[in-house]
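Quick look at upload_33.cif (mmCIF, C-alpha atoms):
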```
data_entry
#
loop_
_atom_site.group_PDB
_atom_site.id
_atom_site.type_symbol
_atom_site.label_atom_id
_atom_site.label_comp_id
_atom_site.auth_asym_id
_atom_site.auth_seq_id
_atom_site.Cartn_x
_atom_site.Cartn_y
_atom_site.Cartn_z
ATOM 1 C CA MET A 1170 112.858 105.464 159.978
ATOM 2 C CA ASP A 1171 114.801 103.481 157.369
ATOM 3 C CA LEU A 1172 114.503 105.511 154.182
ATOM 4 C CA LYS A 1173 115.591 102.564 152.040
ATOM 5 C CA GLY A 1174 112.796 100.412 153.532
ATOM 6 C CA ILE A 1175 110.251 103.148 152.869
ATOM 7 C CA MET A 1176 111.425 103.517 149.276
ATOM 8 C CA ASP A 1177 111.147 99.760 148.687
ATOM 9 C CA GLY A 1178 107.513 99.928 149.808
ATOM 10 C CA ILE A 1179 106.879 102.922 147.582
ATOM 11 C CA THR A 1180 108.169 101.039 144.527
ATOM 12 C CA SER A 1181 105.200 98.678 144.747
ATOM 13 C CA ASP A 1182 102.873 101.687 145.188
ATOM 14 C CA ILE A 1183 104.339 103.293 142.048
ATOM 15 C CA LYS A 1184 103.961 100.028 140.088
ATOM 16 C CA GLU A 1185 100.335 99.580 141.166
ATOM 17 C CA THR A 1186 99.361 103.215 140.602
ATOM 18 C CA THR A 1187 101.015 103.422 137.172
ATOM 19 C CA LYS A 1188 99.421 100.141 136.100
ATOM 20 C CA THR A 1189 95.955 101.337 137.145
ATOM 21 C CA LEU A 1190 96.464 104.661 135.389
ATOM 22 C CA PHE A 1191 97.504 103.034 132.127
ATOM 23 C CA GLU A 1192 94.598 100.554 132.282
ATOM 24 C CA THR A 1193 91.896 103.111 133.060
ATOM 25 C CA MET A 1194 92.748 106.461 131.487
ATOM 26 C CA ILE A 1195 95.746 106.137 129.169
ATOM 27 C CA MET A 1196 94.786 102.836 127.567
ATOM 28 C CA LEU A 1197 98.286 101.809 126.508
ATOM 29 C CA ASP A 1198 100.034 98.536 127.283
ATOM 30 C CA LEU A 1199 102.408 98.665 130.257
ATOM 31 C CA ASN A 1200 105.089 96.317 131.489
ATOM 32 C CA TYR A 1201 107.231 96.787 134.564
ATOM 33 C CA ASP A 1202 110.939 96.696 133.736
ATOM 34 C CA ASN A 1203 113.010 97.316 136.879
ATOM 35 C CA ALA A 1204 113.548 99.614 139.832
ATOM 36 C CA SER A 1205 116.825 100.946 141.130
ATOM 37 C CA LEU A 1206 118.457 103.841 142.909
ATOM 38 C CA VAL A 1207 119.922 106.040 140.216
ATOM 39 C CA ASP A 1208 122.437 108.818 140.520
ATOM 40 C CA GLU A 1209 120.910 111.893 138.931
ATOM 41 C CA THR A 1210 123.788 112.243 136.484
ATOM 42 C CA GLN A 1211 122.568 109.000 134.889
ATOM 43 C CA ILE A 1212 119.156 110.441 134.061
ATOM 44 C CA LYS A 1213 118.884 111.738 130.493
ATOM 45 C CA THR A 1214 115.483 112.454 129.075
ATOM 46 C CA ASP A 1215 113.434 114.716 126.801
ATOM 47 C CA VAL A 1216 110.398 115.359 128.996
ATOM 48 C CA ILE A 1217 110.117 115.676 132.767
ATOM 49 C CA GLY A 1218 106.788 116.005 134.604
ATOM 50 C CA MET A 1219 107.225 116.717 138.310
ATOM 51 C CA VAL A 1220 105.029 117.119 141.374
ATOM 52 C CA SER A 1221 106.547 117.903 144.761
ATOM 53 C CA PHE A 1222 105.088 117.008 148.152
ATOM 54 C CA THR A 1223 105.671 118.202 151.691
ATOM 55 C CA GLY A 1224 104.876 116.776 155.117
ATOM 56 C CA GLN A 1225 106.693 114.481 157.535
ATOM 57 C CA TYR A 1226 108.551 113.417 154.422
ATOM 58 C CA HIS A 1227 109.101 115.676 151.456
ATOM 59 C CA GLY A 1228 110.329 115.149 147.939
ATOM 60 C CA VAL A 1229 109.443 114.931 144.295
ATOM 61 C CA VAL A 1230 107.640 112.420 142.094
ATOM 62 C CA GLY A 1231 108.603 112.724 138.424
ATOM 63 C CA ILE A 1232 107.933 111.032 135.123
ATOM 64 C CA PHE A 1233 110.860 110.911 132.700
ATOM 65 C CA CYS A 1234 110.169 110.015 129.085
ATOM 66 C CA SER A 1235 110.986 110.682 125.455
ATOM 67 C CA LYS A 1236 109.056 113.210 123.386
ATOM 68 C CA LYS A 1237 107.884 110.340 121.193
ATOM 69 C CA PHE A 1238 106.342 108.551 124.158
ATOM 70 C CA ALA A 1239 104.842 111.774 125.544
ATOM 71 C CA LEU A 1240 103.116 112.248 122.176
ATOM 72 C CA LYS A 1241 101.755 108.686 122.326
ATOM 73 C CA VAL A 1242 100.420 109.206 125.862
ATOM 74 C CA ALA A 1243 98.764 112.524 125.019
ATOM 75 C CA SER A 1244 97.320 111.139 121.757
ATOM 76 C CA SER A 1245 95.803 108.200 123.610
ATOM 77 C CA MET A 1246 94.389 110.370 126.404
ATOM 78 C CA LEU A 1247 92.791 112.755 123.912
ATOM 79 C CA MET A 1248 91.872 110.000 121.431
ATOM 80 C CA MET A 1249 93.377 111.987 118.577
ATOM 81 C CA GLU A 1250 96.700 111.682 116.788
ATOM 82 C CA LEU A 1251 99.031 114.470 117.892
ATOM 83 C CA GLU A 1252 102.139 115.093 115.790
ATOM 84 C CA ASP A 1253 103.537 118.264 117.354
ATOM 85 C CA PHE A 1254 104.844 118.617 120.892
ATOM 86 C CA ASN A 1255 102.350 121.290 121.882
ATOM 87 C CA ASN A 1256 100.770 122.481 125.149
ATOM 88 C CA ASP A 1257 98.262 119.603 125.123
ATOM 89 C CA VAL A 1258 101.172 117.148 125.318
ATOM 90 C CA LYS A 1259 102.758 119.047 128.222
ATOM 91 C CA ASP A 1260 99.373 119.260 129.923
ATOM 92 C CA ALA A 1261 98.864 115.493 129.507
ATOM 93 C CA ILE A 1262 102.283 114.647 130.974
ATOM 94 C CA GLY A 1263 101.606 117.043 133.845
ATOM 95 C CA GLU A 1264 98.338 115.270 134.573
ATOM 96 C CA VAL A 1265 99.991 111.840 134.364
ATOM 97 C CA SER A 1266 102.634 112.932 136.892
ATOM 98 C CA ASN A 1267 99.874 114.470 139.023
ATOM 99 C CA MET A 1268 97.838 111.245 139.091
ATOM 100 C CA ILE A 1269 100.853 109.088 139.916
ATOM 101 C CA ALA A 1270 102.085 111.506 142.592
ATOM 102 C CA GLY A 1271 98.603 111.928 144.071
ATOM 103 C CA ASN A 1272 98.005 108.220 144.454
ATOM 104 C CA VAL A 1273 101.499 107.515 145.799
ATOM 105 C CA LYS A 1274 101.062 110.389 148.235
ATOM 106 C CA THR A 1275 97.702 108.999 149.385
ATOM 107 C CA LYS A 1276 99.317 105.640 150.144
ATOM 108 C CA MET A 1277 102.235 107.319 151.915
ATOM 109 C CA SER A 1278 99.845 109.494 153.938
ATOM 110 C CA GLU A 1279 98.239 106.371 155.396
ATOM 111 C CA LYS A 1280 101.578 105.457 156.957
ATOM 112 C CA TYR A 1281 103.399 108.741 157.462
ATOM 113 C CA GLY A 1282 100.732 111.396 157.987
ATOM 114 C CA GLU A 1283 99.073 113.923 155.714
ATOM 115 C CA MET A 1284 101.160 115.476 152.964
ATOM 116 C CA HIS A 1285 100.552 118.324 150.565
ATOM 117 C CA LEU A 1286 101.028 118.245 146.804
ATOM 118 C CA SER A 1287 102.188 120.982 144.468
ATOM 119 C CA ILE A 1288 100.667 121.498 141.057
ATOM 120 C CA PRO A 1289 102.631 119.778 138.243
ATOM 121 C CA ILE A 1290 105.560 121.284 136.380
ATOM 122 C CA VAL A 1291 106.487 119.962 132.931
ATOM 123 C CA ILE A 1292 109.810 120.684 131.248
ATOM 124 C CA ALA A 1293 110.644 119.566 127.733
ATOM 125 C CA GLY A 1294 113.862 119.692 125.772
ATOM 126 C CA GLU A 1295 116.303 117.195 124.372
ATOM 127 C CA GLY A 1296 118.704 115.127 126.451
ATOM 128 C CA LEU A 1297 117.714 116.841 129.693
ATOM 129 C CA SER A 1298 119.437 115.909 132.905
ATOM 130 C CA ILE A 1299 118.382 116.803 136.398
ATOM 131 C CA SER A 1300 120.022 117.897 139.619
ATOM 132 C CA ALA A 1301 118.672 118.494 143.064
ATOM 133 C CA VAL A 1302 119.911 120.920 145.672
ATOM 134 C CA ASN A 1303 118.284 120.092 149.005
ATOM 135 C CA ASN A 1304 115.637 118.194 147.022
ATOM 136 C CA ILE A 1305 114.695 121.183 144.892
ATOM 137 C CA PRO A 1306 115.102 119.923 141.323
ATOM 138 C CA THR A 1307 116.758 121.977 138.658
ATOM 139 C CA VAL A 1308 117.143 120.965 135.052
ATOM 140 C CA SER A 1309 119.914 121.478 132.561
ATOM 141 C CA ASP A 1310 120.329 120.435 128.953
ATOM 142 C CA THR A 1311 124.065 120.191 129.262
ATOM 143 C CA ALA A 1312 126.299 117.890 131.242
ATOM 144 C CA LEU A 1313 126.424 119.125 134.798
ATOM 145 C CA SER A 1314 128.050 118.367 138.079
ATOM 146 C CA CYS A 1315 126.138 116.542 140.776
ATOM 147 C CA PHE A 1316 124.904 118.934 143.453
ATOM 148 C CA SER A 1317 123.321 116.294 145.661
ATOM 149 C CA LYS A 1318 124.277 112.821 146.747
ATOM 150 C CA ASP A 1319 120.609 111.853 147.105
ATOM 151 C CA PRO A 1320 119.737 109.218 144.520
ATOM 152 C CA TRP A 1321 116.405 108.980 142.697
ATOM 153 C CA LEU A 1322 114.426 105.798 143.156
ATOM 154 C CA MET A 1323 113.615 105.097 139.520
ATOM 155 C CA THR A 1324 110.915 102.621 138.567
ATOM 156 C CA TYR A 1325 111.137 101.817 134.875
ATOM 157 C CA PHE A 1326 108.329 100.644 132.630
ATOM 158 C CA ILE A 1327 108.040 99.726 128.964
ATOM 159 C CA SER A 1328 105.018 100.807 126.953
ATOM 160 C CA GLU A 1329 104.610 100.891 123.178
ATOM 161 C CA LYS A 1330 108.260 99.721 122.929
ATOM 162 C CA GLU A 1331 109.372 102.865 124.772
ATOM 163 C CA LYS A 1332 111.082 102.822 128.159
ATOM 164 C CA PHE A 1333 110.129 105.505 130.641
ATOM 165 C CA GLY A 1334 110.783 106.064 134.307
ATOM 166 C CA VAL A 1335 108.822 107.192 137.339
ATOM 167 C CA GLY A 1336 111.237 108.710 139.821
ATOM 168 C CA LEU A 1337 111.003 109.485 143.495
ATOM 169 C CA LEU A 1338 113.240 111.757 145.527
ATOM 170 C CA LEU A 1339 112.445 111.383 149.224
ATOM 171 C CA LYS A 1340 113.776 113.031 152.390
ATOM 172 C CA GLU A 1341 112.598 113.036 155.971
ATOM 173 C CA SER A 1342 111.606 116.551 157.042
ATOM 174 C CA LYS A 1343 113.559 117.945 159.986
ATOM 175 C CA MET B 407 68.604 119.312 130.415
ATOM 176 C CA PRO B 408 71.561 118.995 132.780
ATOM 177 C CA LYS B 409 74.533 121.302 132.508
ATOM 178 C CA VAL B 410 77.808 120.283 134.175
ATOM 179 C CA LEU B 411 80.663 122.587 135.199
ATOM 180 C CA ILE B 412 84.098 120.927 135.130
ATOM 181 C CA ILE B 413 86.803 122.696 137.138
ATOM 182 C CA ASP B 414 90.334 121.436 136.480
ATOM 183 C CA ASP B 415 93.571 123.212 135.643
ATOM 184 C CA SER B 416 94.318 120.533 133.020
ATOM 185 C CA SER B 417 92.483 121.099 129.734
ATOM 186 C CA VAL B 418 93.306 117.502 128.778
ATOM 187 C CA MET B 419 91.612 116.247 131.947
ATOM 188 C CA ARG B 420 88.544 118.437 131.323
ATOM 189 C CA LYS B 421 88.207 116.856 127.870
ATOM 190 C CA MET B 422 88.722 113.353 129.296
ATOM 191 C CA ILE B 423 86.060 113.867 131.960
ATOM 192 C CA GLN B 424 83.576 115.041 129.327
ATOM 193 C CA ARG B 425 84.338 112.005 127.156
ATOM 194 C CA ASN B 426 84.058 109.638 130.131
ATOM 195 C CA ILE B 427 80.675 111.089 131.082
ATOM 196 C CA GLN B 428 79.437 110.732 127.498
ATOM 197 C CA GLN B 429 80.746 107.135 127.332
ATOM 198 C CA SER B 430 79.164 106.269 130.679
ATOM 199 C CA GLY B 431 75.627 106.854 129.417
ATOM 200 C CA LEU B 432 74.894 109.678 131.843
ATOM 201 C CA ILE B 433 72.610 112.306 130.343
ATOM 202 C CA VAL B 434 74.274 115.714 130.094
ATOM 203 C CA ASP B 435 73.141 118.466 127.760
ATOM 204 C CA SER B 436 76.189 120.716 127.914
ATOM 205 C CA PHE B 437 79.471 121.341 129.687
ATOM 206 C CA VAL B 438 81.045 124.500 131.056
ATOM 207 C CA GLU B 439 84.773 124.563 131.837
ATOM 208 C CA ALA B 440 86.919 126.488 134.309
ATOM 209 C CA GLY B 441 90.662 126.254 134.943
ATOM 210 C CA ASP B 442 90.554 127.109 138.644
ATOM 211 C CA GLY B 443 88.183 127.930 141.489
ATOM 212 C CA LYS B 444 88.177 131.653 140.862
ATOM 213 C CA GLU B 445 87.237 131.266 137.195
ATOM 214 C CA ALA B 446 84.540 128.799 138.267
ATOM 215 C CA LEU B 447 82.963 131.325 140.655
ATOM 216 C CA ASP B 448 82.854 133.843 137.787
ATOM 217 C CA LYS B 449 81.211 131.275 135.477
ATOM 218 C CA ILE B 450 78.604 130.402 138.138
ATOM 219 C CA ALA B 451 77.851 134.077 138.763
ATOM 220 C CA ALA B 452 77.174 134.490 135.042
ATOM 221 C CA ASP B 453 75.172 131.273 134.614
ATOM 222 C CA SER B 454 72.562 130.144 137.143
ATOM 223 C CA SER B 455 71.594 127.023 135.161
ATOM 224 C CA ILE B 456 74.506 124.780 136.202
ATOM 225 C CA ASP B 457 73.192 121.521 137.698
ATOM 226 C CA LEU B 458 76.359 119.751 138.828
ATOM 227 C CA ILE B 459 79.954 120.759 139.522
ATOM 228 C CA LEU B 460 82.982 118.453 139.196
ATOM 229 C CA CYS B 461 85.963 119.975 140.954
ATOM 230 C CA ASP B 462 89.688 119.181 141.074
ATOM 231 C CA TRP B 463 91.587 119.876 144.303
ATOM 232 C CA ASN B 464 95.070 121.195 143.494
ATOM 233 C CA MET B 465 94.781 124.193 141.187
ATOM 234 C CA PRO B 466 96.453 127.588 140.877
ATOM 235 C CA ASN B 467 94.761 130.848 142.019
ATOM 236 C CA MET B 468 91.985 129.145 144.002
ATOM 237 C CA THR B 469 92.112 125.487 145.033
ATOM 238 C CA GLY B 470 89.160 123.133 144.918
ATOM 239 C CA ILE B 471 88.581 123.185 148.655
ATOM 240 C CA GLU B 472 88.736 127.000 148.702
ATOM 241 C CA PHE B 473 86.160 127.010 145.901
ATOM 242 C CA VAL B 474 83.828 124.659 147.821
ATOM 243 C CA LYS B 475 83.998 126.858 150.927
ATOM 244 C CA ALA B 476 83.489 130.045 148.891
ATOM 245 C CA LEU B 477 80.490 128.654 146.982
ATOM 246 C CA ARG B 478 78.778 127.265 150.065
ATOM 247 C CA GLY B 479 79.578 130.492 151.914
ATOM 248 C CA SER B 480 77.619 132.360 149.244
ATOM 249 C CA GLY B 481 74.590 130.143 149.868
ATOM 250 C CA ASN B 482 74.813 128.282 146.550
ATOM 251 C CA GLN B 483 73.855 124.601 147.059
ATOM 252 C CA THR B 484 74.595 123.230 143.562
ATOM 253 C CA PRO B 485 75.914 119.665 144.051
ATOM 254 C CA ILE B 486 79.717 119.413 143.987
ATOM 255 C CA VAL B 487 81.626 116.198 143.359
ATOM 256 C CA MET B 488 85.361 116.417 143.980
ATOM 257 C CA CYS B 489 87.313 114.791 141.139
ATOM 258 C CA THR B 490 90.925 114.623 142.236
ATOM 259 C CA THR B 491 94.060 112.588 142.857
ATOM 260 C CA GLU B 492 93.737 113.520 146.542
ATOM 261 C CA GLY B 493 92.231 110.311 147.893
ATOM 262 C CA SER B 494 93.162 110.165 151.573
ATOM 263 C CA ASP B 495 90.415 109.822 154.191
ATOM 264 C CA ALA B 496 91.440 113.181 155.659
ATOM 265 C CA LYS B 497 90.934 114.942 152.314
ATOM 266 C CA VAL B 498 87.575 113.248 151.711
ATOM 267 C CA GLU B 499 86.394 114.276 155.176
ATOM 268 C CA GLU B 500 87.654 117.831 154.673
ATOM 269 C CA ALA B 501 85.801 118.108 151.363
ATOM 270 C CA THR B 502 82.517 116.638 152.547
ATOM 271 C CA GLY B 503 82.755 118.615 155.787
ATOM 272 C CA SER B 504 83.119 121.789 153.722
ATOM 273 C CA GLY B 505 80.046 121.064 151.623
ATOM 274 C CA ALA B 506 81.092 118.721 148.803
ATOM 275 C CA ASN B 507 78.420 116.116 147.993
ATOM 276 C CA GLY B 508 80.603 113.405 146.485
ATOM 277 C CA TYR B 509 84.144 112.314 145.801
ATOM 278 C CA ILE B 510 85.870 110.439 142.985
ATOM 279 C CA THR B 511 89.565 109.704 142.802
ATOM 280 C CA LYS B 512 91.565 109.926 139.577
ATOM 281 C CA PRO B 513 92.255 107.742 137.666
ATOM 282 C CA PHE B 514 88.764 106.384 137.035
ATOM 283 C CA THR B 515 86.809 104.465 134.404
ATOM 284 C CA PRO B 516 83.516 105.589 132.792
ATOM 285 C CA ASP B 517 81.711 102.987 134.946
ATOM 286 C CA GLN B 518 83.224 104.347 138.169
ATOM 287 C CA LEU B 519 82.232 107.850 137.089
ATOM 288 C CA LYS B 520 78.707 106.622 136.363
ATOM 289 C CA ASN B 521 78.447 105.074 139.829
ATOM 290 C CA LYS B 522 79.584 108.259 141.536
ATOM 291 C CA LEU B 523 77.532 110.680 139.432
ATOM 292 C CA GLY B 524 74.426 108.503 139.137
ATOM 293 C CA ALA B 525 72.978 110.191 142.218
ATOM 294 C CA PHE B 526 73.038 113.542 140.428
ATOM 295 C CA LEU B 527 72.465 112.721 136.747
ATOM 296 C CA GLN B 528 70.072 110.417 134.918
ATOM 297 C CA VAL B 529 71.293 107.456 132.884
ATOM 298 C CA LYS B 530 70.183 106.836 129.278
#
```
Once you've parsed the file, please lay out its structure as structure tokens.
Amino acid sequence: MDLKGIMDGITSDIKETTKTLFETMIMLDLNYDNASLVDETQIKTDVIGMVSFTGQYHGVVGIFCSKKFALKVASSMLMMELEDFNNDVKDAIGEVSNMIAGNVKTKMSEKYGEMHLSIPIVIAGEGLSISAVNNIPTVSDTALSCFSKDPWLMTYFISEKEKFGVGLLLKESK
Amino acid sequence: MPKVLIIDDSSVMRKMIQRNIQQSGLIVDSFVEAGDGKEALDKIAADSSIDLILCDWNMPNMTGIEFVKALRGSGNQTPIVMCTTEGSDAKVEEATGSGANGYITKPFTPDQLKNKLGAFLQVK
């Protein structure tokens, strides 16, 4: 199976799922920006929400955003103005990554067989970067060497004048 | 008056579901919350007046499908509606085959929630 072809198809799934999520439950404007394969050393972010999946294909779906945008998302979901980056904000970003990953996984399952999702993990810091060793993500807040040549398929959106990315790391299971 | 148990490991999602139900016009008197299936079984054991259960799928300690099987295995027939990102046909069939009475996929609007829960709750 051509992994590049699969990833191209998944980009439209990520766009559709994220759009629906923002229209129905987050209630913030959303505009698609671009999608590209990104070397992990290029990813710098404050907040990462990740859900992994296993099956015929395995990998990770992640949301990468600033703390400021995470606060906006959580405030909108809870319909209250949050000023501190507390557990509610992490919980909200975890649920956003869960809903995107769940819907992308459902669409992938129709074509590539049933897959299983993990529960979300949210990591917050400042200027985080990410590396993957055999598709198991690790995070560092310092510059780091690239442990994997696998690129992330990053789909970027703009909402509330903030750019954020939804990333996918995908591998065929042996 | 109806009492609804919401089982979800996300406290933000539990709050959002409550708000969506209230916005949808469905009549609910009170909500009970649980963060996983195991906590939900404890809440049900302590409170026999729960009328409807909304249940996430992927949770720590005890998943939603494990909860459904455990509750039905105990003979409890309180209606359960799965409320999850797991939307594949296989998952829906697994849930309903295990004793769930309904299924709604996240994300959803108050109107979609109303349509799915209208069979179990009255509308204002």
Test item: the PyMOL selection byres ((chain B) within 12 of (chain A)) resolved as an NGL selection string: :B and (414-426 or 442 or 462-469 or 489-498 or 511-519)
For atom CA of Glu500 of chain B and atom CA of Ile412 of chain B, the interatomic separation in Å (one decimal): 20.1 Å
Just give me the residues with any atom within 6 Å of (104.7, 112.2, 135.8), file coordinates, counting only C-alpha atoms, written as a PDB file with C-alpha atoms, in the coordinates of the input.
```pdb
ATOM      1  CA  GLY A1218     106.788 116.005 134.604  1.00  0.00           C
ATOM      2  CA  MET A1219     107.225 116.717 138.310  1.00  0.00           C
ATOM      3  CA  GLY A1231     108.603 112.724 138.424  1.00  0.00           C
ATOM      4  CA  ILE A1232     107.933 111.032 135.123  1.00  0.00           C
ATOM      5  CA  ILE A1262     102.283 114.647 130.974  1.00  0.00           C
ATOM      6  CA  VAL A1265      99.991 111.840 134.364  1.00  0.00           C
ATOM      7  CA  SER A1266     102.634 112.932 136.892  1.00  0.00           C
TER       8      SER A1266
END
```
Interatomic distance (Å, one decimal) between atom CA of Ile1179 of chain A and atom CA of Ser1245 of chain A: 26.9 Å
Spatial neighbours of Ile1217 of chain A, 7 Å, only C-alpha atoms, chain gap at least 4 places, as JSON, numbers by chain: {"A": [1231, 1232, 1233, 1234, 1291, 1292, 1293]}
Using all atoms listed in the file: which of A:Phe1254, A:Tyr1226, A:Phe1238, A:Tyr1201 has the shortest distance to Thr1324 of chain A: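 Using all atoms listed in the file, the shortest distance to Thr1324 of chain A belongs to A:Tyr1201.
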Distance query Gln483 of chain B at most 12 Å, only C-alpha atoms, self and fewer than 5 positions along chain excluded, as a list of chain:residue names: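 The residues satisfying every condition are B:Ile450, B:Ser454, B:Ile456, B:Asp457, B:Leu458, B:Ile459, B:Val474, B:Lys475, B:Ala476, B:Leu477, B:Arg478, B:Ser504, B:Gly505, B:Ala506, B:Asn507.
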Between atom CA of Gly479 of chain B and atom CA of Phe1222 of chain A - distance in Å to one decimal: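 These two atoms are separated by 29.1 Å.
Taking all atoms listed in the file into account, Glu1295 of chain A lies nearest to A:Lys1237 out of the set A:Gly1174, A:Val1207, A:Lys1237, A:Asn1200.
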Residue nearest Pro408 of chain B - candidates B:Ile486, B:Val434, B:Ile427, B:Leu523, atoms counted: only C-alpha atoms: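 Between B:Ile486, B:Val434, B:Ile427, B:Leu523, the residue approaching Pro408 of chain B most closely is B:Val434.
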Distance criterion (all atoms listed in the file): nearest to Leu432 of chain B out of B:Met407, B:Ala452, B:Ala446, B:Ile510: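 That would be B:Met407, the residue with the smallest distance to Leu432 of chain B.
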Test item: the PyMOL selection byres ((chain B and resi 529) around 10) resolved as an NGL selection string: :B and (430-434 or 520 or 523-528 or 530)
